[in-house]
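Accompanying notes for the structure given below.
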Amino acid sequence: MTSPKQAYAKSSEEAEKWLLAYADRIGLDKAWVGGDDWATTVRIACDKANGLETAGRTLDQELLDLRSAARREARREVVADYRAAMEQAAGQRDGDLGAILVQCFDRYIAGAALQFTYGAKMTKDRAEQLRGPWRQLNEDVDDYAADDVIHGFHAPKPQDKAAVGKGTVGDTLATRGWQANFLVHIGGRKFNAHVDLN
């Protein structure tokens, strides 16, 4: 971890900003850190005796725990009973839907970022065609997962991100134009597959 320029944050807002930037640098999605754990880390960052460096190490440990083999196996067990059936149902509706769902499951098990870009570009018309079948997966899930471990298949209308002021990607030089989003909740986490449109 790079040492912060100052030893501790002077406010919770300053701590939040530093911690979010640090989490982004190490590849830890804040959504994986529980609300109480995040609040504790913010307090650590503001504490003169502990400060930013200790708070950063706390996030380092969160990432190690999240990615540990035991935690991955536990998340694999959460979805084991119905993953294959749901992936097959999605794939039967459309190959791209099956591939998107596979990536969501894989990211859940790995403890990876909840928002990600689906590798294949598609046209706006193609994305529009997939919205209905993606939402219909809510019906399929009732057959395989009545316990709400997976739910909330949603696909809003494609959007020109640049036109609504969301054209930049974090602190990077990358930009976004038209994009579709396919969302699903798995194991209490909401995954959002971004699809760039051409």
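Identifiers in the structure tokens: chain A, B, ... in order shown; residue index from 1 per chain; ligand index from 1 in order shown.
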
Checklist entry - Skipping near chain neighbours, those fewer than 5 positions away, what residues fall within 10 Å of A:Cys104 using only C-alpha atoms, listed as a ChimeraX atom specification? => result /A:98-99,109-110,112-116,118,182-186,190-193

Item to check | Selection: 9 Å around stretch 81-84 of chain A, only C-alpha atoms, excl. self and same-chain fewer than 2 positions, as a PyMOL selection string | outcome: chain A and resi 77-79+86-89+102+105+141+144-145

Could you write out that same residue set with N, CA and C atoms as a compact mmCIF listing (two decimals), in the first residue's frame?
```txt
# COMPACT_ATOMS: atom_id res chain seq x y z
N GLU A 77 -21.25 -22.78 -3.26
CA GLU A 77 -22.30 -23.62 -2.66
C GLU A 77 -23.66 -22.90 -2.65
N VAL A 78 -23.66 -21.58 -2.46
CA VAL A 78 -24.91 -20.82 -2.43
C VAL A 78 -25.69 -21.00 -3.73
N VAL A 79 -24.97 -21.04 -4.85
CA VAL A 79 -25.64 -21.12 -6.15
C VAL A 79 -25.59 -22.50 -6.79
N MET A 86 -30.14 -22.51 -14.54
CA MET A 86 -30.41 -21.13 -14.92
C MET A 86 -29.57 -20.72 -16.13
N GLU A 87 -28.31 -21.16 -16.17
CA GLU A 87 -27.47 -20.83 -17.32
C GLU A 87 -28.02 -21.49 -18.58
N GLN A 88 -28.54 -22.71 -18.44
CA GLN A 88 -29.12 -23.39 -19.59
C GLN A 88 -30.38 -22.66 -20.05
N ALA A 89 -31.23 -22.25 -19.11
CA ALA A 89 -32.45 -21.53 -19.47
C ALA A 89 -32.11 -20.22 -20.19
N VAL A 102 -23.49 -16.34 -17.15
CA VAL A 102 -22.29 -17.07 -16.74
C VAL A 102 -21.30 -16.10 -16.10
N PHE A 105 -22.50 -15.10 -12.56
CA PHE A 105 -22.24 -16.17 -11.59
C PHE A 105 -20.75 -16.25 -11.26
N VAL A 141 -36.48 -18.56 -12.96
CA VAL A 141 -35.82 -18.69 -11.66
C VAL A 141 -36.77 -19.27 -10.62
N TYR A 144 -36.28 -22.90 -10.20
CA TYR A 144 -35.00 -23.42 -9.71
C TYR A 144 -34.54 -22.83 -8.39
N ALA A 145 -35.04 -21.65 -8.03
CA ALA A 145 -34.49 -20.96 -6.86
C ALA A 145 -35.56 -20.17 -6.13
```

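The closest residue to A:Arg71, picked from A:Glu128, A:Asp148, A:Gly111, A:Leu52 and counting only C-alpha atoms, is A:Gly111.
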
Checklist entry - What's the 9 Å shell around A:Asp47, counting only C-alpha atoms, without same-chain residues fewer than 6 positions away, as a list in words? => result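 Near neighbours after the sequence-gap exclusion: Tyr8, Ala9 and Lys10 of chain A.
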
Next on the checklist: Rounded to one decimal, what separation in Å do you get between atom CA of A:Tyr22 and atom CA of A:Ala49?
Outcome noted: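 These atoms are spaced 19.7 Å apart.
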